[in-house]
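Quick look at protein-v7.cif (mmCIF, C-alpha atoms):
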data_target
#
loop_
_atom_site.label_atom_id
_atom_site.label_comp_id
_atom_site.auth_asym_id
_atom_site.auth_seq_id
_atom_site.Cartn_x
_atom_site.Cartn_y
_atom_site.Cartn_z
CA MET A 1 37.81 -9.70 -1.02
CA ASN A 2 35.88 -12.45 0.74
CA LYS A 3 37.33 -11.34 4.08
CA PHE A 4 36.20 -7.81 3.41
CA PHE A 5 32.64 -8.94 2.77
CA ILE A 6 32.55 -11.01 5.96
CA LYS A 7 34.01 -8.12 7.92
CA LYS A 8 31.47 -5.67 6.61
CA LEU A 9 28.52 -8.04 6.54
CA SER A 10 26.43 -5.98 8.96
CA LEU A 11 27.02 -2.77 7.05
CA LEU A 12 26.44 -4.41 3.69
CA SER A 13 23.11 -5.75 4.90
CA PHE A 14 22.21 -2.17 5.82
CA ILE A 15 22.16 -1.34 2.10
CA PHE A 16 19.37 -3.81 1.49
CA ILE A 17 16.91 -2.18 3.91
CA PRO A 18 15.87 0.64 1.57
CA ILE A 19 15.58 -1.88 -1.27
CA ILE A 20 13.23 -4.07 0.74
CA PHE A 21 11.41 -0.95 1.91
CA LEU A 22 10.82 0.00 -1.74
CA TRP A 23 10.09 -3.53 -2.86
CA HIS A 24 7.02 -3.58 -0.61
CA PRO A 25 5.79 -7.07 -1.54
CA ASP A 26 2.01 -7.18 -1.42
CA TRP A 27 1.89 -10.87 -0.55
CA LEU A 28 3.66 -10.19 2.75
CA GLY A 29 1.21 -7.50 3.73
CA PHE A 30 -1.82 -7.45 5.95
CA LEU A 31 -4.64 -4.98 5.18
CA GLY A 32 -2.27 -3.46 2.64
CA VAL A 33 0.26 -2.67 5.37
CA GLN A 34 3.81 -4.02 5.49
CA PRO A 35 6.02 -4.86 8.47
CA TYR A 36 8.30 -2.03 9.51
CA TRP A 37 11.45 -3.35 7.82
CA PRO A 38 14.11 -1.05 9.31
CA LEU A 39 13.49 -2.35 12.84
CA PHE A 40 14.50 -5.86 11.83
CA TRP A 41 17.99 -4.61 11.11
CA LEU A 42 18.16 -1.97 13.82
CA LEU A 43 17.40 -4.36 16.69
CA PRO A 44 20.31 -6.79 16.12
CA TRP A 45 22.67 -3.94 15.29
CA SER A 46 21.81 -1.99 18.45
CA ILE A 47 21.88 -5.05 20.72
CA LEU A 48 25.39 -5.93 19.55
CA ASN A 49 26.81 -2.42 19.22
CA GLY A 50 25.12 -0.45 22.00
CA SER A 51 22.87 2.56 22.35
CA ILE A 52 25.05 5.19 20.72
CA ASN A 53 25.61 3.09 17.61
CA GLY A 54 21.91 2.30 17.56
CA LEU A 55 21.03 5.95 17.79
CA ILE A 56 23.40 6.91 14.99
CA PHE A 57 22.23 4.18 12.65
CA GLY A 58 18.62 4.95 13.55
CA LEU A 59 19.29 8.45 12.28
CA PHE A 60 20.96 7.12 9.12
CA LEU A 61 18.07 4.80 8.44
CA GLY A 62 15.58 7.58 9.02
CA LEU A 63 17.40 9.83 6.62
CA ILE A 64 17.55 7.24 3.85
CA LEU A 65 13.95 6.13 4.25
CA ASP A 66 12.67 9.70 4.42
CA SER A 67 14.38 10.38 1.15
CA LEU A 68 12.60 7.45 -0.47
CA THR A 69 9.14 8.53 0.58
CA LEU A 70 7.30 11.59 -0.54
CA HIS A 71 5.55 12.41 2.69
CA ASP A 72 6.20 15.92 3.94
CA SER A 73 3.77 15.51 6.83
CA PHE A 74 6.02 13.33 8.94
CA THR A 75 9.53 12.02 9.29
CA GLN A 76 10.64 8.58 10.47
CA ILE A 77 13.82 9.90 12.08
CA PRO A 78 12.59 10.49 15.67
CA GLY A 79 11.03 7.03 15.91
CA LEU A 80 14.08 5.24 14.55
CA ILE A 81 16.52 7.24 16.70
CA PHE A 82 14.51 6.46 19.80
CA CYS A 83 14.22 2.79 18.87
CA GLY A 84 17.94 2.57 18.09
CA PHE A 85 18.80 4.02 21.49
CA LEU A 86 16.27 1.85 23.31
CA PHE A 87 17.30 -1.36 21.58
CA GLY A 88 20.91 -0.68 22.55
CA ARG A 89 19.97 -1.00 26.24
CA ILE A 90 18.70 -4.54 25.72
CA LYS A 91 20.95 -7.49 26.37
CA LEU A 92 20.89 -10.83 24.57
CA HIS A 93 18.97 -13.57 26.32
CA SER A 94 20.71 -16.87 27.01
CA ASP A 95 17.65 -18.94 26.19
CA ILE A 96 17.26 -19.06 22.40
CA LEU A 97 13.51 -19.69 22.47
CA VAL A 98 12.78 -16.87 24.91
CA GLY A 99 15.11 -14.69 22.84
CA HIS A 100 13.02 -15.37 19.74
CA PHE A 101 9.83 -14.17 21.40
CA ARG A 102 11.63 -11.21 22.91
CA TYR A 103 12.64 -10.02 19.42
CA GLY A 104 9.00 -10.20 18.38
CA LEU A 105 7.79 -8.24 21.38
CA ILE A 106 10.55 -5.64 21.20
CA CYS A 107 10.02 -5.06 17.49
CA SER A 108 6.25 -4.82 18.01
CA PHE A 109 6.81 -2.20 20.67
CA GLY A 110 9.25 -0.34 18.41
CA SER A 111 6.78 -0.43 15.55
CA PHE A 112 4.03 0.87 17.82
CA LEU A 113 6.29 3.68 18.97
CA CYS A 114 7.28 4.69 15.43
CA GLY A 115 3.69 4.43 14.19
CA THR A 116 2.37 6.56 17.05
CA LEU A 117 5.05 9.18 16.44
CA ASN A 118 4.15 9.23 12.73
CA TYR A 119 0.49 9.61 13.59
CA PHE A 120 1.08 12.50 15.99
CA GLN A 121 3.19 14.28 13.40
CA ILE A 122 0.45 13.89 10.76
CA LEU A 123 -2.17 15.03 13.28
CA PHE A 124 -0.13 18.07 14.24
CA ARG A 125 0.47 18.94 10.59
CA ASN A 126 -3.20 18.57 9.58
CA PHE A 127 -4.63 19.92 12.80
CA SER A 128 -6.09 22.98 11.10
CA ASP A 129 -8.02 20.87 8.55
CA GLY A 130 -9.96 19.12 11.31
CA ASN A 131 -9.81 15.95 9.28
CA SER A 132 -10.75 13.26 11.77
CA LEU A 133 -10.86 10.57 9.06
CA ILE A 134 -7.08 10.28 9.20
CA LEU A 135 -7.49 8.77 12.68
CA ILE A 136 -9.19 5.60 11.40
CA SER A 137 -6.62 4.80 8.73
CA SER A 138 -3.76 5.65 11.10
CA VAL A 139 -5.02 3.30 13.81
CA LYS A 140 -5.40 0.57 11.18
CA ASN A 141 -1.86 1.23 9.95
CA ILE A 142 -0.39 1.12 13.45
CA LEU A 143 -2.16 -2.07 14.50
CA ALA A 144 -1.45 -3.96 11.28
CA GLN A 145 2.18 -2.86 11.32
CA VAL A 146 2.65 -3.84 14.98
CA PHE A 147 1.21 -7.28 14.29
CA LEU A 148 3.28 -7.93 11.17
CA THR A 149 6.51 -6.60 12.64
CA GLY A 150 6.08 -8.74 15.74
CA PHE A 151 5.25 -11.74 13.62
CA PHE A 152 8.28 -11.59 11.36
CA ALA A 153 10.84 -10.27 13.87
CA PRO A 154 11.71 -13.61 15.52
CA PHE A 155 12.60 -15.15 12.17
CA ILE A 156 14.54 -12.25 10.71
CA CYS A 157 16.23 -10.79 13.82
CA SER A 158 17.55 -14.16 14.99
CA GLN A 159 19.19 -14.77 11.64
CA LEU A 160 20.62 -11.27 11.50
CA ILE A 161 22.04 -11.55 15.02
CA ARG A 162 23.73 -14.83 14.08
CA MET A 163 25.09 -13.21 10.94
CA PHE A 164 26.41 -10.14 12.76
CA LYS A 165 27.99 -12.29 15.49
CA PHE A 166 29.67 -14.41 12.85
CA SER A 167 30.99 -11.28 11.19
CA ARG A 168 32.36 -9.94 14.49
CA ARG A 169 33.98 -13.23 15.38
CA LYS A 170 35.84 -13.28 12.09
CA LEU A 171 36.85 -9.71 12.72
CA GLN A 172 38.43 -10.61 16.03
CA MET B 173 2.53 -56.41 33.25
CA LEU B 174 2.81 -57.84 29.75
CA ASP B 175 -0.87 -58.59 29.77
CA ILE B 176 -1.74 -55.00 30.61
CA ARG B 177 0.37 -53.67 27.72
CA ARG B 178 -1.28 -56.07 25.30
CA ILE B 179 -4.72 -54.96 26.36
CA SER B 180 -3.88 -51.26 26.05
CA ASN B 181 -2.43 -51.77 22.54
CA SER B 182 -5.59 -53.28 21.29
CA ARG B 183 -7.75 -50.21 22.10
CA TRP B 184 -9.47 -48.72 19.06
CA TRP B 185 -7.83 -45.30 19.40
CA HIS B 186 -4.40 -46.84 19.00
CA LYS B 187 -5.16 -47.78 15.42
CA LYS B 188 -4.30 -45.29 12.69
CA LYS B 189 -6.95 -46.68 10.41
CA ASN B 190 -9.68 -45.74 12.86
CA TRP B 191 -8.44 -42.16 13.04
CA LEU B 192 -8.38 -41.97 9.26
CA LEU B 193 -11.95 -43.13 9.14
CA PHE B 194 -12.91 -40.60 11.78
CA ALA B 195 -11.27 -37.82 9.74
CA ILE B 196 -13.17 -38.87 6.63
CA PHE B 197 -16.36 -38.92 8.66
CA LEU B 198 -15.70 -35.40 9.95
CA PHE B 199 -15.00 -34.23 6.41
CA LEU B 200 -18.26 -35.68 5.21
CA VAL B 201 -20.12 -34.01 8.07
CA PHE B 202 -18.51 -30.73 7.02
CA VAL B 203 -19.58 -31.31 3.42
CA ARG B 204 -23.07 -32.05 4.57
CA ILE B 205 -23.35 -29.01 6.81
CA SER B 206 -21.92 -26.70 4.15
CA LYS B 207 -24.39 -28.14 1.65
CA GLY B 208 -21.64 -29.15 -0.73
CA ALA B 209 -20.21 -25.63 -1.00
CA PHE B 210 -16.69 -26.99 -0.98
CA TYR B 211 -17.37 -29.29 -3.89
CA LYS B 212 -19.21 -26.65 -5.85
CA ASP B 213 -16.33 -24.22 -5.49
CA LEU B 214 -13.83 -26.88 -6.43
CA TYR B 215 -15.86 -27.71 -9.48
CA TYR B 216 -16.05 -24.04 -10.40
CA PHE B 217 -12.25 -23.82 -10.61
CA ILE B 218 -11.78 -27.17 -12.33
CA SER B 219 -14.40 -26.54 -14.98
CA LYS B 220 -13.48 -22.91 -15.64
CA PRO B 221 -11.32 -23.58 -18.73
CA PHE B 222 -14.11 -25.60 -20.30
CA TRP B 223 -16.96 -23.18 -19.83
CA PRO B 224 -19.00 -22.62 -22.93
CA GLY B 225 -19.20 -19.15 -24.33
CA GLN B 226 -15.83 -17.93 -23.06
CA PHE B 227 -14.57 -17.48 -26.57
CA GLN B 228 -17.83 -15.86 -27.65
CA LYS B 229 -17.65 -13.49 -24.72
CA GLU B 230 -14.22 -12.31 -25.80
CA ILE B 231 -15.45 -11.62 -29.34
CA VAL B 232 -18.43 -9.67 -28.01
CA LEU B 233 -16.26 -7.68 -25.61
CA GLU B 234 -13.80 -6.85 -28.37
CA SER B 235 -16.63 -5.58 -30.57
CA ILE B 236 -17.98 -3.47 -27.71
CA HIS B 237 -14.49 -2.12 -27.10
CA LYS B 238 -14.11 -1.11 -30.74
CA GLU B 239 -17.52 0.51 -30.73
CA ASN B 240 -16.65 2.45 -27.57
CA LEU B 241 -13.37 3.63 -29.08
CA ILE B 242 -15.12 4.95 -32.16
CA LYS B 243 -17.74 6.68 -30.00
CA LEU B 244 -14.99 8.11 -27.79
CA ASN B 245 -13.13 9.58 -30.74
CA LEU B 246 -16.32 11.16 -32.05
CA LEU B 247 -17.10 12.61 -28.63
CA LYS B 248 -13.55 13.92 -28.28
CA LYS B 249 -13.86 15.74 -31.58
CA ASP B 250 -17.24 17.17 -30.54
CA ASN B 251 -15.84 18.16 -27.19
CA THR B 252 -12.85 19.95 -28.71
CA ARG B 253 -15.10 21.80 -31.17
CA LEU B 254 -17.54 22.86 -28.43
CA ARG B 255 -14.76 23.89 -26.08
CA ARG B 256 -13.25 26.04 -28.82
CA SER B 257 -16.60 27.64 -29.58
CA LEU B 258 -17.18 28.38 -25.87
CA SER B 259 -13.54 29.42 -25.28
CA ILE B 260 -13.16 26.95 -22.42
CA GLN B 261 -9.68 25.71 -21.58
CA GLU B 262 -8.44 22.81 -23.62
CA SER B 263 -6.15 20.00 -22.72
CA SER B 264 -3.46 18.90 -25.10
CA ASN B 265 -3.53 15.14 -24.65
CA ASP B 266 -1.16 14.43 -27.44
CA TYR B 267 1.87 13.53 -25.32
CA HIS B 268 1.70 10.38 -23.23
CA ILE B 269 4.56 8.41 -21.76
CA SER B 270 3.88 4.79 -20.91
CA ALA B 271 5.56 3.65 -17.71
CA ALA B 272 5.65 0.55 -15.54
CA VAL B 273 5.10 0.63 -11.79
CA ILE B 274 8.33 -0.59 -10.17
CA SER B 275 7.51 0.16 -6.53
CA ARG B 276 4.16 0.49 -4.92
CA LYS B 277 3.16 1.73 -1.50
CA THR B 278 -0.57 1.91 -1.50
CA GLY B 279 -1.71 0.66 1.86
CA SER B 280 0.46 2.06 4.61
CA TRP B 281 1.56 5.49 5.82
CA TRP B 282 2.90 6.18 2.38
CA ARG B 283 0.70 6.35 -0.67
CA GLN B 284 3.03 6.50 -3.61
CA ILE B 285 4.15 4.60 -6.66
CA ILE B 286 7.50 4.73 -8.40
CA LEU B 287 7.60 4.51 -12.20
CA ASN B 288 10.37 3.33 -14.50
CA LYS B 289 10.43 6.58 -16.48
CA GLY B 290 12.26 9.63 -15.22
CA ALA B 291 13.85 12.87 -16.23
CA LYS B 292 15.69 11.24 -19.13
CA ASP B 293 12.33 10.37 -20.69
CA GLY B 294 11.03 13.88 -20.25
CA VAL B 295 8.94 13.36 -17.12
CA GLU B 296 8.55 16.53 -15.11
CA ILE B 297 7.33 17.36 -11.64
CA GLY B 298 3.59 18.03 -11.72
CA ASN B 299 2.84 15.70 -14.65
CA ILE B 300 -0.42 13.80 -14.37
CA VAL B 301 -0.43 10.03 -14.03
CA ILE B 302 -3.43 8.08 -15.27
CA GLY B 303 -4.11 4.36 -15.30
CA PRO B 304 -6.87 2.15 -16.62
CA GLY B 305 -9.96 3.79 -15.15
CA GLY B 306 -8.73 7.31 -14.64
CA LEU B 307 -6.56 9.56 -12.52
CA LEU B 308 -3.97 8.05 -10.18
CA GLY B 309 -1.93 11.01 -9.00
CA ARG B 310 0.72 13.56 -9.84
CA VAL B 311 4.47 13.27 -10.25
CA LYS B 312 6.09 14.79 -7.20
CA ASN B 313 9.67 13.85 -7.68
CA THR B 314 11.85 12.68 -10.55
CA SER B 315 15.23 11.08 -10.74
CA PHE B 316 17.13 10.35 -13.94
CA PHE B 317 15.54 6.97 -14.44
CA THR B 318 12.47 7.04 -12.18
CA SER B 319 9.63 9.26 -11.08
CA SER B 320 7.70 9.18 -7.81
CA VAL B 321 3.98 9.75 -7.88
CA THR B 322 1.84 10.96 -5.00
CA LEU B 323 -1.43 9.08 -5.23
CA ILE B 324 -4.74 10.88 -4.84
CA THR B 325 -5.38 8.71 -1.77
CA SER B 326 -2.42 10.31 0.03
CA PRO B 327 -3.27 12.85 2.77
CA GLU B 328 -0.98 15.25 0.91
CA SER B 329 -3.15 15.24 -2.19
CA LYS B 330 -5.71 18.02 -2.62
CA LEU B 331 -7.31 18.43 -6.03
CA GLY B 332 -10.12 20.41 -7.58
CA VAL B 333 -12.84 18.12 -8.98
CA TRP B 334 -16.09 18.50 -10.87
CA LEU B 335 -19.44 16.82 -10.31
CA ASP B 336 -21.04 16.76 -13.69
CA ARG B 337 -24.63 15.95 -12.67
CA ILE B 338 -25.03 18.90 -10.31
CA GLN B 339 -22.47 21.09 -12.09
CA ILE B 340 -20.48 21.98 -9.01
CA ASN B 341 -16.79 22.16 -8.10
CA GLY B 342 -15.41 20.37 -5.06
CA LEU B 343 -12.17 19.51 -3.37
CA LEU B 344 -10.86 15.95 -3.33
CA VAL B 345 -8.69 15.28 -0.28
CA GLY B 346 -6.83 12.05 0.45
CA VAL B 347 -7.29 10.74 3.98
CA GLY B 348 -4.83 7.88 3.94
CA ASP B 349 -7.26 5.11 3.03
CA ASP B 350 -8.47 3.86 -0.36
CA TYR B 351 -11.43 6.25 -0.42
CA PRO B 352 -10.53 9.93 -0.66
CA SER B 353 -12.93 12.50 0.73
CA LEU B 354 -14.86 14.90 -1.46
CA ILE B 355 -15.59 18.25 0.18
CA LEU B 356 -18.32 20.46 -1.24
CA TYR B 357 -18.48 23.93 0.24
CA SER B 358 -22.23 24.11 -0.02
CA LYS B 359 -24.56 22.30 2.36
CA ASP B 360 -27.41 22.46 -0.18
CA ALA B 361 -25.52 20.53 -2.86
CA ASP B 362 -27.74 17.71 -4.12
CA ILE B 363 -25.03 15.06 -4.18
CA LYS B 364 -26.10 11.43 -4.57
CA VAL B 365 -24.43 8.05 -4.31
CA GLY B 366 -23.27 7.04 -7.77
CA ASP B 367 -22.48 10.57 -8.96
CA PHE B 368 -19.52 10.68 -11.29
CA VAL B 369 -16.47 12.75 -10.29
CA SER B 370 -13.96 14.06 -12.81
CA SER B 371 -11.19 16.64 -12.80
CA SER B 372 -12.42 20.19 -12.65
CA PRO B 373 -12.26 22.53 -15.65
CA ALA B 374 -11.30 25.22 -13.15
CA SER B 375 -8.33 23.27 -11.78
CA THR B 376 -4.88 24.67 -12.30
CA LEU B 377 -3.24 21.32 -11.54
CA LEU B 378 -5.14 18.96 -13.81
CA PRO B 379 -6.50 18.95 -17.33
CA PRO B 380 -10.31 18.86 -17.37
CA ASN B 381 -12.54 15.80 -17.68
CA ILE B 382 -10.17 13.11 -16.45
CA PRO B 383 -12.35 10.44 -14.79
CA ILE B 384 -11.59 10.07 -11.09
CA GLY B 385 -14.28 8.13 -9.29
CA ILE B 386 -17.83 7.61 -8.16
CA VAL B 387 -19.51 8.84 -4.98
CA GLN B 388 -19.68 5.84 -2.68
CA SER B 389 -21.28 7.27 0.45
CA ILE B 390 -22.32 10.66 1.73
CA ASP B 391 -21.35 11.81 5.21
CA GLU B 392 -23.45 14.00 7.44
CA THR B 393 -23.42 17.71 6.64
CA PHE B 394 -20.93 19.45 8.86
CA LYS B 395 -21.25 23.23 9.32
CA SER B 396 -21.38 24.70 5.82
CA LYS B 397 -19.76 21.84 3.98
CA LYS B 398 -20.82 18.47 2.72
CA THR B 399 -18.42 15.54 2.50
CA ALA B 400 -18.59 12.26 0.64
CA LYS B 401 -16.41 9.20 0.16
CA ILE B 402 -15.22 8.52 -3.37
CA SER B 403 -14.54 5.10 -4.83
CA LEU B 404 -11.72 5.50 -7.33
CA LEU B 405 -12.05 4.14 -10.85
CA ALA B 406 -8.33 3.46 -11.21
CA LYS B 407 -7.07 0.98 -8.63
CA PRO B 408 -3.46 1.85 -7.74
CA HIS B 409 -2.83 -1.37 -5.83
CA VAL B 410 -3.28 -3.54 -8.91
CA ILE B 411 -2.22 -1.38 -11.84
CA ASP B 412 1.13 -2.31 -13.37
CA TRP B 413 1.22 0.07 -16.33
CA VAL B 414 0.33 3.74 -16.34
CA GLN B 415 0.40 6.74 -18.65
CA ILE B 416 2.19 9.92 -17.72
CA LEU B 417 0.31 12.81 -19.24
CA LYS B 418 2.34 15.85 -20.15
CA ALA B 419 -0.62 18.16 -20.46
CA LYS B 420 -0.28 21.89 -20.57
CA ILE B 421 -2.96 23.57 -18.50
CA GLU B 422 -3.86 26.98 -19.77
#
Show this structure as C-alpha cells.
Amino acid sequence: MNKFFIKKLSLLSFIFIPIIFLWHPDWLGFLGVQPYWPLFWLLPWSILNGSINGLIFGLFLGLILDSLTLHDSFTQIPGLIFCGFLFGRIKLHSDILVGHFRYGLICSFGSFLCGTLNYFQILFRNFSDGNSLILISSVKNILAQVFLTGFFAPFICSQLIRMFKFSRRKLQ
Amino acid sequence: MLDIRRISNSRWWHKKKNWLLFAIFLFLVFVRISKGAFYKDLYYFISKPFWPGQFQKEIVLESIHKENLIKLNLLKKDNTRLRRSLSIQESSNDYHISAAVISRKTGSWWRQIILNKGAKDGVEIGNIVIGPGGLLGRVKNTSFFTSSVTLITSPESKLGVWLDRIQINGLLVGVGDDYPSLILYSKDADIKVGDFVSSSPASTLLPPNIPIGIVQSIDETFKSKKTAKISLLAKPHVIDWVQILKAKIE
C-alpha cells in the first residue's frame, strides 16, 4: 500500500490541484488575485516527463479546472497545453539556487501566457459589447497573477521536483 | 600586529551596546517625526476592550434593529397590498435556504462562490442568492451537495435593474472588478451619485425590489447611453452566509 502511494505520488498530488484551486485562500492573495496554482504542478511534471506528457496533463488540468469554474467566456485549456509543452523542453539546472529562480521566472512567464490567452478570449467573446472596462481588470489580474506565481514558484516547484524524483527513484 | 588588533577591537562600532543605543535613538526619531502616531495606534488597540459605551452602543443598535424590523414588516405589508391593488408582479419570498460559502473566487478571472447547499436541498439553477446588504448573484450550476453562483460582478452577469429616484430601468453588467457597470439607454437620464439601485420590476430573472447597490461614479455619456459605476451593498469577498431565494417570478 505504502509502495503504491510512493509510486503514484506525482499523480496523487495532481488530485490536490483542483482542491487548492477551489480553496482560494484570501490571505495568500494580492489585490484579490491568487497565484496560478496549476503551473506549480505542471512545471515539475513536464520537466521530468517531457513535452508530450506535459501537453497531455496540461489538457487534463485545463479540463478539470474549466469544469470547476463557471466562465463560458474563456477556457484555460490552450494556455495550460502550451505551458505543458513548453515546460517539457526545459532541462533541470545543476545549480540549485539558479534552479530556484528559474522556476520563478518560468512560472511567471507561463502565468503571463495563460492570463493573456484568457484575456484575448474574453475580449473576442465580448467584442460586440465594446466594453473597454474589462481591459483594466484584466491587466490587473494578469500582473498580480504573474507576480504571485513567480513569487511562490521557487518554494513549491522545488519541493515538488524533489518529491517526484524521489517517487521515480523508488519506482526504478 | 597584536597591537593593531587590540586597537581595532576597541572601536565604538564593534560594541553591540552602541548599536542598540543607536537603534533606540532611530526609533525615537521616528516617533518624533510621526508625531507619536505609532503610540496612538498602539494605544487604540490596547484600550479597545475597555472603551466606555461599547455595551451601551450594542443596546442602542439592538433597539434600532428591532425598530427597523417592525418598520420593514409594516412596509412589506403595505407594499404587498399596493402591488395587489395595482396588479404589479409580486414576489413570493416565503422560501429561503440558508447556505454557507465554501469556496470563494471574487478577485480574479473568476467571480463565483460555491455554497454548501445543492440539489438535495432543493436549490435550482436560476435561484437568486442574497447576502447581508442585498443581491449577490444567481445560481448557475448545482451538484448534489453544492451550488455554484455567478456573482453580479462577473462579466457574464447581465441584469435588469431599477433606479427608484428617477424611475428608470437600466442594465447592470459585470466588468470583472468589484464595481459593476450600470448602463442606461437614455443620455438625458438624471442619474446622480448616491442613487439607489434595486432589481427591476420588469426583470424576468429577479424578483423586484431586491437592494443591489448605490451609484458610485458616473462616466461620460457615450453615444446614446449613460454608464455609471455601482458600489454593491452586499460584499461577496467577506460574506460567509447567504440566503438562496426560491422566488417565482410571474
What residues in chain B have any atom no more than 6 Å from chain A when counting only C-alpha atoms, and can you write them as a PyMOL selection string? chain B and resi 275+279-280+347-349
Coordinates-based distance that separates atom CA of A:Cys114 from atom CA of A:Lys165 (Å, one decimal):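 About the pair atom CA of A:Lys165 and atom CA of A:Cys114: they are 26.8 Å apart.
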Leaving out B:Gln388 and any residue of its chain fewer than 4 positions from it, which residues lie within 10 Å of it when counting only C-alpha atoms, given as a ChimeraX atom specification? /B:351,364-368,400-404
Write the residues of the preceding selection, restricted to C-alpha atoms, as a compact mmCIF listing (two decimals), in the coordinates of the input.
# COMPACT_ATOMS: atom_id res chain seq x y z
CA TYR B 351 -11.43 6.25 -0.42
CA LYS B 364 -26.10 11.43 -4.57
CA VAL B 365 -24.43 8.05 -4.31
CA GLY B 366 -23.27 7.04 -7.77
CA ASP B 367 -22.48 10.57 -8.96
CA PHE B 368 -19.52 10.68 -11.29
CA ALA B 400 -18.59 12.26 0.64
CA LYS B 401 -16.41 9.20 0.16
CA ILE B 402 -15.22 8.52 -3.37
CA SER B 403 -14.54 5.10 -4.83
CA LEU B 404 -11.72 5.50 -7.33
Atom CA of A:Leu42 and atom CA of A:Cys83 are how many Å apart?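 Answer for the atom CA of A:Leu42 to atom CA of A:Cys83 separation: 8.0 Å.
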One decimal, in Å: what's the spacing between atom CA of B:Trp282 and atom CA of B:Ala374? 28.4 Å
With the file shown as input, list the residues that the PyMOL selection byres ((chain A and resi 55) around 9) selects, as a VMD selection string. chain A and resid 46 50 to 54 56 to 60 80 to 86 88
Could you list, as a compact mmCIF listing (two decimals) with C-alpha atoms, keeping the file's coordinate frame, every residue within 12 Å of A:Met163, counting only C-alpha atoms and ignoring same-chain residues fewer than 2 positions away?
# COMPACT_ATOMS: atom_id res chain seq x y z
CA PHE A 5 32.64 -8.94 2.77
CA ILE A 6 32.55 -11.01 5.96
CA LYS A 7 34.01 -8.12 7.92
CA LYS A 8 31.47 -5.67 6.61
CA LEU A 9 28.52 -8.04 6.54
CA SER A 10 26.43 -5.98 8.96
CA LEU A 11 27.02 -2.77 7.05
CA LEU A 12 26.44 -4.41 3.69
CA SER A 13 23.11 -5.75 4.90
CA TRP A 41 17.99 -4.61 11.11
CA PRO A 44 20.31 -6.79 16.12
CA TRP A 45 22.67 -3.94 15.29
CA LEU A 48 25.39 -5.93 19.55
CA ILE A 156 14.54 -12.25 10.71
CA CYS A 157 16.23 -10.79 13.82
CA SER A 158 17.55 -14.16 14.99
CA GLN A 159 19.19 -14.77 11.64
CA LEU A 160 20.62 -11.27 11.50
CA ILE A 161 22.04 -11.55 15.02
CA LYS A 165 27.99 -12.29 15.49
CA PHE A 166 29.67 -14.41 12.85
CA SER A 167 30.99 -11.28 11.19
CA ARG A 168 32.36 -9.94 14.49
CA ARG A 169 33.98 -13.23 15.38
CA LYS A 170 35.84 -13.28 12.09
Spatial neighbours of B:Glu296, max dist 8 Å, only C-alpha atoms, sep filter under 5 positions, as a short mmCIF file (atom, residue, chain, number, x, y, z; two decimals) with C-alpha atoms, in the coordinates of the input:
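After the write, result_0.cif holds the following:
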data_model
loop_
_atom_site.label_atom_id
_atom_site.label_comp_id
_atom_site.auth_asym_id
_atom_site.auth_seq_id
_atom_site.Cartn_x
_atom_site.Cartn_y
_atom_site.Cartn_z
CA GLY B 290 12.26 9.63 -15.22
CA ALA B 291 13.85 12.87 -16.23
CA VAL B 311 4.47 13.27 -10.25
CA ASN B 313 9.67 13.85 -7.68
CA THR B 314 11.85 12.68 -10.55
#
Which residue, A:Leu39, A:Leu117, A:Asn49, A:Arg125, has the smallest gap to A:Phe152 when you use all atoms listed in the file?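 So, comparing all the options, the nearest one is A:Leu39.
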Extract, using only C-alpha atoms, all DNA, RNA and protein residues at most 7 Å from B:Leu323, discarding same-chain residues fewer than 2 positions from it, and format them as a PDB file with C-alpha atoms, keeping the file's coordinate frame.
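Wrote it out as around36.pdb, contents follow:
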ATOM      1  CA  ARG B 283       0.700   6.350  -0.670  1.00  0.00           C
ATOM      2  CA  GLN B 284       3.030   6.500  -3.610  1.00  0.00           C
ATOM      3  CA  LEU B 308      -3.970   8.050 -10.180  1.00  0.00           C
ATOM      4  CA  GLY B 309      -1.930  11.010  -9.000  1.00  0.00           C
ATOM      5  CA  ARG B 310       0.720  13.560  -9.840  1.00  0.00           C
ATOM      6  CA  VAL B 321       3.980   9.750  -7.880  1.00  0.00           C
ATOM      7  CA  THR B 325      -5.380   8.710  -1.770  1.00  0.00           C
ATOM      8  CA  SER B 326      -2.420  10.310   0.030  1.00  0.00           C
TER       9      SER B 326
END
Select, from A:Ala153, A:Ile20, A:Val139, A:Leu65, the residue with the minimum atom-to-atom distance to A:Ser108, counting only C-alpha atoms.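 Of A:Ala153, A:Ile20, A:Val139, A:Leu65, the one nearest A:Ser108 is A:Ala153, counting only C-alpha atoms.
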List every protein, DNA or RNA residue with an atom no more than 12 Å from (5.5, 2.2, -13.3) in the file's coordinates, counting only C-alpha atoms, and format the result as a PyMOL selection string. chain B and resi 269-276+284-290+301-303+308+311+317-321+408-416
